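> Here it is, the structure, as C-alpha cells.
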Amino acid sequence: MAELDKPQREVGVPGDWTYASAPESREIVHISDRYGYFVGGEWLEPAETYETIAPRDEEPLATVGQATAEDVGRAVAAARNAYADGWSSLPGSERAKYLFRIARVLQERSREFAVLESLNGGKPIKESRDVDLPLAAAHFFYYAGWADKLEYASPNRRPRPVGVAAQIIPWNFPLLMLAWKIAPALAAGNTVVLKPAETTPLTALLFCDVVRQAELPPGVVNIVTGDGRTGAELVSHPDVNKIAFTGSTEVGKAIQKTLAGTGKRLTLELGGKAANIIFDDAPLDQAVEGIVNGIYFNQGHVCCAGSRLLVEESIYETVVSKLKRRMRTLRVGDPLDKNTDVGAINSKQQLDKIGSLVQAGIDEGAEIYQPPCKLPERGYWFVPTVFTNVAQSYRIAQEEIFGPVLSVLTFRTPDEAIEKANNTPYGLSAGVWTEKGSRILAMAQRLKAGVVWANTYNRFDPASPFGGYKESGFGREGGRHGLGPYVALDDA
Ligand code: NAI
Ligand code: MG
C-alpha cells in the first residue's frame with residue numbers, strides 16, 4: 001500500500017518509462033471559419049451565431065449558427081419535400097445503396113472525423129479512432145442491410161415509413177449518436193432533421209459532406225445547429241412525426257410534456273447510474289480493467305457508465321487497492337495524443353457540475369482518492385476520482401455525475417447486490433463479474449436495466465438493442481428493435 005502513495009516520476013528523469021507525446025496531426029481535417037445550416041442539400045446562412053471551441057484549451061474552432069424557429073421551419077419543410085418527393089417510396093434496396101455508401105465514406109474518412117471529434121469534444125483520439133468511428137460506420141452498414149428486409153421483419157403486416165423525424169443528440173458521442181439516429185430512420189424510408197449538441201456541432205457539419213459524396217437526394221438529411229431553444233422549436237414543430245432524443249432526464253421529461261396528446265412518436269434515451277457488480281469469484285484483474293473502462297472511458301461522459309461499483313465485502317480491500325494502483329497509470333491530457341486515456345471534460349458547464357457533486361460527496365463524508373496527476377493549465381480537466389465509504393443515500397450514489405467519478409459500495413449476498421443496484425430512479429445498464437454462468441443469468445434477470453454486461457463493460461454492437469427503464473427513458477436503439485420507432489405497420 002505504501003507504494004501507492006509515492007509521487008509519479010517526472011517525464012525526462014533517467015530511468016523513466018513514461019511515454020513520449022505522440023500527437024495526432026490536426027492538419028488532416030479542414031475546419032471552415034463559419035458554418036450555416038444544411039437544408040435541402042444547401043447551406044443556409046445563419047442570422048444568429050456562436051463560437052464552438054476545443055475543450056482541451058478553449059481555442060475557438062468555428063462560428064456556427066443558433067437556429068431560430070424560422071430556420072427550423074425551413075429544415076422541416078425540406079425534409080417533408082424530400083419525403084414526399086420520392087424518398088419514402090423508393091424501394092428498400094435502393095435506399096440501402098445510399099446507406100452503404102455513407103458507411104464506406106465514413107470508413108474512408110475516419111481519421112479526419114476522429115481528429116475532429118476529439119478536437120471539438122475532448123475525448124481521447126484512441127477512443128474516437130477505435131470506438132466512435134468504427135461503430136458509426138458499422139451502424140450504417142447494419143441498417144443498410146435492413147432497408148430491403150422490413151417486410152420479412154414484420155410478417156403479415158405492411159411496413160411503411162413514419163414521415164419526418166426530428167432528432168436531438170448530446171455531446172458525449174456526437175457522430176456515433178448521429179449514426180444511431182440517422183441510419184435506422186433512413187433505412188425505413190423517413191427523412192430527418194438532426195440537431196447536434198451546442199458544444200459539439202462539428203462532426204455533424206462534416207457529415208453533410210459525406211451526405212453530398214453519397215449523393216443522397218437533397219432534403220433527406222438536414223442539419224441545424226443551436227442550443228436547447230433550437231431543440232425545443234424542433235420538438236414542437238407541427239409537421240414533425242417522430243422525435244428521437246438522447247440527453248438529460250430533465251429535458252426528456254419536458255419533451256414528453258410538450259408532446260402529450262399530439263400523437264407524435266417519441267423515444268427517449270436519458271441518463272443512468274449503473275451498478276457494476278463484482279463477486280468474489282470474478283477474475284479480479286480483468287474486473288479492474290472493466291471497472292476502469294466502465295467509468296473512465298470517455299471521461300465518464302457515458303449514460304451507461306458503471307458509476308456505482310458494488311463489490312462483495314470479502315474482496316473489497318483487494319479490489320480497491322488494485323483499482324487505485326491501476327488509476328495511477330491512467331494518462332490524463334491532450335485528447336489528440338495517441339497515448340491519452342482520459343481527455344478533456346466537454347464543457348465548463350459540465351466541469352462545474354462534476355466539481356459540485358464531488359464536493360457534495362466530500363461534505364457527506366465519503367472518502368476521496370485521486371491519483372497524482374499533472375493537469376494542463378488551460379482547458380477543462382478533472383482527475384479520475386474514486387469515492388469509498390459511500391452510503392446509498394449520498395448524492396454521489398444517487399445522481400448521475402457524468403464525469404470520471406466512481407462511488408464504491410459493498411454487498412454480502414446476491415440479494416443485497418440486486419437490492420442496491422436497483423435502488424435508483426434509473427435503469428439503463430449494469431455489469432456483473434463472476435465465474436459462475438448460472439449466477440450471471442440469475443442476476444441479469446433481476447436487474448432492472450436495459451443492458452446487462454457480463455464479465456465485460458461498455459461493449460456496443462449495432463445488432464444489439466440499447467435503451468432503458470424508468471427515468472432512463474423508453475424505446476430501443478440498435479438491432480431490429482431500433483427500426484420499430486421508424487416503421488408504421490399497416491394491415492396486410
Ligand atoms: P441536455 O439534455 O440539456 O442536452 C442534450 C441535447 O438536448 C442537446 O442537443 C441540447 O441542445 C438539447 N436540448 C436542451 N434543452 C432542450 C429542450 N428544452 N428541448 C429540446 N432539446 C433540448 O443535457 P446537458 O445540459 O448537455 O447535460 C446535462 C446533464 O444531462 C449531464 O450532466 C448528464 O448528466 C445528462 N446527459 C445525459 C446524456 C445521455 O447520454 N443520456 C447526454 C448528455 C447529458
Ligand atoms: Mg441542458
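Chain labels A, B, ... are given in the sequence in which chains occur in the C-alpha cells; within each chain residues are numbered consecutively from 1, and ligands are likewise numbered from 1 in the order shown.
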Within 6 Å of ligand 1, counting only C-alpha atoms and all ligand atoms, which protein or nucleic acid residues do you find, written as an mmCIF file with C-alpha atoms, in the first residue's frame?

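And here's out.cif as it stands now:
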```
data_model
loop_
_atom_site.group_PDB
_atom_site.id
_atom_site.type_symbol
_atom_site.label_atom_id
_atom_site.label_comp_id
_atom_site.auth_asym_id
_atom_site.auth_seq_id
_atom_site.Cartn_x
_atom_site.Cartn_y
_atom_site.Cartn_z
ATOM 1 C CA ILE A 168 -31.758 15.703 -30.976
ATOM 2 C CA ILE A 169 -28.453 14.354 -29.762
ATOM 3 C CA PRO A 170 -25.950 15.006 -26.956
ATOM 4 C CA PRO A 196 -26.256 18.129 -32.675
ATOM 5 C CA ALA A 197 -25.465 19.380 -29.160
ATOM 6 C CA GLU A 198 -24.371 23.000 -28.939
ATOM 7 C CA ASP A 227 -28.768 25.075 -28.195
ATOM 8 C CA GLY A 228 -31.864 23.867 -26.342
ATOM 9 C CA GLY A 231 -34.203 21.734 -29.924
ATOM 10 C CA ALA A 232 -37.468 22.950 -28.411
ATOM 11 C CA THR A 246 -30.832 11.460 -26.241
ATOM 12 C CA GLY A 247 -29.798 13.659 -23.333
ATOM 13 C CA SER A 248 -30.738 14.608 -19.793
ATOM 14 C CA VAL A 251 -35.141 17.704 -20.893
ATOM 15 C CA GLU A 269 -32.636 7.753 -24.156
ATOM 16 C CA LEU A 270 -31.772 9.536 -20.925
ATOM 17 C CA GLY A 271 -29.403 9.262 -18.003
ATOM 18 C CA VAL A 302 -21.395 7.973 -20.754
ATOM 19 C CA CYS A 303 -25.083 7.414 -19.981
ATOM 20 C CA GLN A 350 -20.128 20.001 -17.213
ATOM 21 C CA GLU A 400 -25.740 10.999 -12.473
ATOM 22 C CA ILE A 401 -22.371 12.786 -12.332
ATOM 23 C CA PHE A 402 -21.435 12.217 -15.984
#
```
> Quick one: residues within 9 Å of Ile418 of chain A, only C-alpha atoms counted, chain neighbours fewer than 2 positions away excluded, as a list in words?
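The filter keeps Thr413, Pro414, Asp415, Glu416, Lys420, Ala421, Asn422, Asn423, Met443, Arg446, Leu447 and Lys448 of chain A.
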> Write to file, as an mmCIF file, in the first residue's frame, the residues of the selection just made, with N, CA, C and O atoms.

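Produced file out.cif, reproduced below:
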```cif
data_model
loop_
_atom_site.group_PDB
_atom_site.id
_atom_site.type_symbol
_atom_site.label_atom_id
_atom_site.label_comp_id
_atom_site.auth_asym_id
_atom_site.auth_seq_id
_atom_site.Cartn_x
_atom_site.Cartn_y
_atom_site.Cartn_z
ATOM 1 N N THR A 413 -24.535 -10.473 -0.097
ATOM 2 C CA THR A 413 -25.252 -11.553 -0.775
ATOM 3 C C THR A 413 -25.771 -11.049 -2.121
ATOM 4 O O THR A 413 -25.925 -9.832 -2.315
ATOM 5 N N PRO A 414 -26.061 -11.963 -3.043
ATOM 6 C CA PRO A 414 -26.632 -11.538 -4.326
ATOM 7 C C PRO A 414 -27.908 -10.715 -4.146
ATOM 8 O O PRO A 414 -28.115 -9.740 -4.871
ATOM 9 N N ASP A 415 -28.733 -11.082 -3.168
ATOM 10 C CA ASP A 415 -29.964 -10.319 -2.925
ATOM 11 C C ASP A 415 -29.665 -8.869 -2.585
ATOM 12 O O ASP A 415 -30.331 -7.956 -3.060
ATOM 13 N N GLU A 416 -28.664 -8.714 -1.730
ATOM 14 C CA GLU A 416 -28.315 -7.345 -1.345
ATOM 15 C C GLU A 416 -27.776 -6.575 -2.552
ATOM 16 O O GLU A 416 -28.055 -5.382 -2.723
ATOM 17 N N LYS A 420 -29.466 -3.137 -3.939
ATOM 18 C CA LYS A 420 -28.727 -1.871 -4.071
ATOM 19 C C LYS A 420 -28.670 -1.420 -5.526
ATOM 20 O O LYS A 420 -28.847 -0.242 -5.827
ATOM 21 N N ALA A 421 -28.421 -2.357 -6.418
ATOM 22 C CA ALA A 421 -28.291 -1.999 -7.833
ATOM 23 C C ALA A 421 -29.574 -1.368 -8.354
ATOM 24 O O ALA A 421 -29.545 -0.382 -9.098
ATOM 25 N N ASN A 422 -30.709 -1.922 -7.953
ATOM 26 C CA ASN A 422 -31.988 -1.424 -8.475
ATOM 27 C C ASN A 422 -32.512 -0.208 -7.719
ATOM 28 O O ASN A 422 -33.500 0.390 -8.128
ATOM 29 N N ASN A 423 -31.826 0.159 -6.657
ATOM 30 C CA ASN A 423 -32.289 1.276 -5.835
ATOM 31 C C ASN A 423 -31.845 2.613 -6.433
ATOM 32 O O ASN A 423 -30.999 3.317 -5.901
ATOM 33 N N MET A 443 -28.709 -13.025 -12.072
ATOM 34 C CA MET A 443 -28.582 -11.580 -11.814
ATOM 35 C C MET A 443 -29.211 -10.786 -12.954
ATOM 36 O O MET A 443 -29.947 -9.828 -12.720
ATOM 37 N N ARG A 446 -32.866 -10.300 -12.770
ATOM 38 C CA ARG A 446 -33.426 -9.488 -11.684
ATOM 39 C C ARG A 446 -32.959 -8.027 -11.707
ATOM 40 O O ARG A 446 -33.499 -7.205 -10.976
ATOM 41 N N LEU A 447 -31.962 -7.730 -12.516
ATOM 42 C CA LEU A 447 -31.500 -6.343 -12.597
ATOM 43 C C LEU A 447 -32.453 -5.560 -13.493
ATOM 44 O O LEU A 447 -32.714 -5.980 -14.623
ATOM 45 N N LYS A 448 -32.946 -4.436 -13.008
ATOM 46 C CA LYS A 448 -33.846 -3.613 -13.837
ATOM 47 C C LYS A 448 -32.990 -2.667 -14.661
ATOM 48 O O LYS A 448 -32.826 -1.500 -14.323
#
```
> What's the 7 Å shell around Gly475 of chain A, counting only C-alpha atoms, without same-chain residues fewer than 3 positions away, as a ChimeraX atom specification?
/A:267-268,467
> Which residue, A:Glu377, A:Glu51, A:Asp71, A:Asp490, has the smallest gap to Phe38 of chain A when you use only C-alpha atoms?
A:Asp71
> Using Å and a single decimal, report how far atom CA of Gly478 of chain A sits from atom CA of Pro462 of chain A.
5.2 Å
> What's around segment 438-440 of chain A at 12 Å? Count only C-alpha atoms, leave out sequence neighbours fewer than 5 positions away in its own chain, and write the answer as a short mmCIF file (atom, residue, chain, number, x, y, z; two decimals) with N, CA, C and O atoms, in the first residue's frame.

```cif
data_model
loop_
_atom_site.label_atom_id
_atom_site.label_comp_id
_atom_site.auth_asym_id
_atom_site.auth_seq_id
_atom_site.Cartn_x
_atom_site.Cartn_y
_atom_site.Cartn_z
N ILE A 277 -21.17 -4.81 -10.74
CA ILE A 277 -21.19 -5.69 -9.56
C ILE A 277 -20.09 -6.75 -9.64
O ILE A 277 -20.04 -7.53 -10.60
N ILE A 278 -19.20 -6.77 -8.63
CA ILE A 278 -18.07 -7.69 -8.66
C ILE A 278 -18.23 -8.74 -7.57
O ILE A 278 -18.19 -8.41 -6.38
N PHE A 279 -18.38 -10.00 -7.96
CA PHE A 279 -18.45 -11.10 -6.99
C PHE A 279 -17.05 -11.61 -6.66
O PHE A 279 -16.10 -11.41 -7.42
N ASP A 281 -15.72 -14.44 -6.81
CA ASP A 281 -15.08 -15.42 -7.69
C ASP A 281 -14.72 -14.82 -9.06
O ASP A 281 -14.32 -15.54 -9.97
N ALA A 282 -14.86 -13.51 -9.20
CA ALA A 282 -14.57 -12.89 -10.50
C ALA A 282 -13.07 -12.88 -10.77
O ALA A 282 -12.28 -12.83 -9.82
N THR A 413 -24.54 -10.47 -0.10
CA THR A 413 -25.25 -11.55 -0.78
C THR A 413 -25.77 -11.05 -2.12
O THR A 413 -25.93 -9.83 -2.31
N PRO A 414 -26.06 -11.96 -3.04
CA PRO A 414 -26.63 -11.54 -4.33
C PRO A 414 -27.91 -10.72 -4.15
O PRO A 414 -28.12 -9.74 -4.87
N ASP A 415 -28.73 -11.08 -3.17
CA ASP A 415 -29.96 -10.32 -2.93
C ASP A 415 -29.66 -8.87 -2.59
O ASP A 415 -30.33 -7.96 -3.06
N ILE A 418 -28.59 -6.98 -5.69
CA ILE A 418 -29.73 -6.63 -6.55
C ILE A 418 -30.50 -5.46 -5.96
O ILE A 418 -30.83 -4.49 -6.65
N ALA A 430 -26.08 -2.31 -16.49
CA ALA A 430 -25.45 -2.88 -15.31
C ALA A 430 -24.35 -3.83 -15.77
O ALA A 430 -24.32 -4.24 -16.94
N GLY A 431 -23.44 -4.15 -14.85
CA GLY A 431 -22.39 -5.11 -15.15
C GLY A 431 -22.33 -6.16 -14.05
O GLY A 431 -22.61 -5.86 -12.88
N VAL A 432 -22.01 -7.40 -14.44
CA VAL A 432 -21.87 -8.48 -13.45
C VAL A 432 -20.55 -9.20 -13.75
O VAL A 432 -20.30 -9.58 -14.89
N TRP A 433 -19.74 -9.37 -12.70
CA TRP A 433 -18.47 -10.07 -12.85
C TRP A 433 -18.45 -11.28 -11.93
O TRP A 433 -18.49 -11.14 -10.71
N GLN A 445 -31.53 -11.45 -14.88
CA GLN A 445 -32.99 -11.48 -14.87
C GLN A 445 -33.58 -10.51 -13.84
O GLN A 445 -34.65 -9.98 -14.04
N ARG A 446 -32.87 -10.30 -12.77
CA ARG A 446 -33.43 -9.49 -11.68
C ARG A 446 -32.96 -8.03 -11.71
O ARG A 446 -33.50 -7.20 -10.98
N LEU A 447 -31.96 -7.73 -12.52
CA LEU A 447 -31.50 -6.34 -12.60
C LEU A 447 -32.45 -5.56 -13.49
O LEU A 447 -32.71 -5.98 -14.62
N VAL A 452 -27.37 -5.58 -19.67
CA VAL A 452 -26.54 -6.13 -18.60
C VAL A 452 -25.32 -6.77 -19.25
O VAL A 452 -25.45 -7.68 -20.06
N TRP A 453 -24.16 -6.26 -18.91
CA TRP A 453 -22.93 -6.83 -19.44
C TRP A 453 -22.39 -7.86 -18.44
O TRP A 453 -22.43 -7.63 -17.23
N ALA A 454 -21.89 -8.97 -18.94
CA ALA A 454 -21.32 -9.99 -18.07
C ALA A 454 -19.84 -10.14 -18.38
O ALA A 454 -19.45 -10.42 -19.52
N ASN A 455 -19.02 -9.94 -17.36
CA ASN A 455 -17.56 -10.04 -17.48
C ASN A 455 -17.00 -9.18 -18.60
O ASN A 455 -16.01 -9.52 -19.26
N THR A 456 -17.64 -8.06 -18.83
CA THR A 456 -17.17 -7.03 -19.74
C THR A 456 -17.96 -5.78 -19.41
O THR A 456 -18.83 -5.82 -18.54
#
```
> Taking the DSSP assignment computed from this structure's backbone, write out as a VMD selection string all residues of segment 211-436 of chain A that belong to alpha helix (DSSP H).
chain A and resid 211 to 213 228 to 236 249 to 259 284 to 296 316 to 327 348 to 364 395 to 398 414 to 422
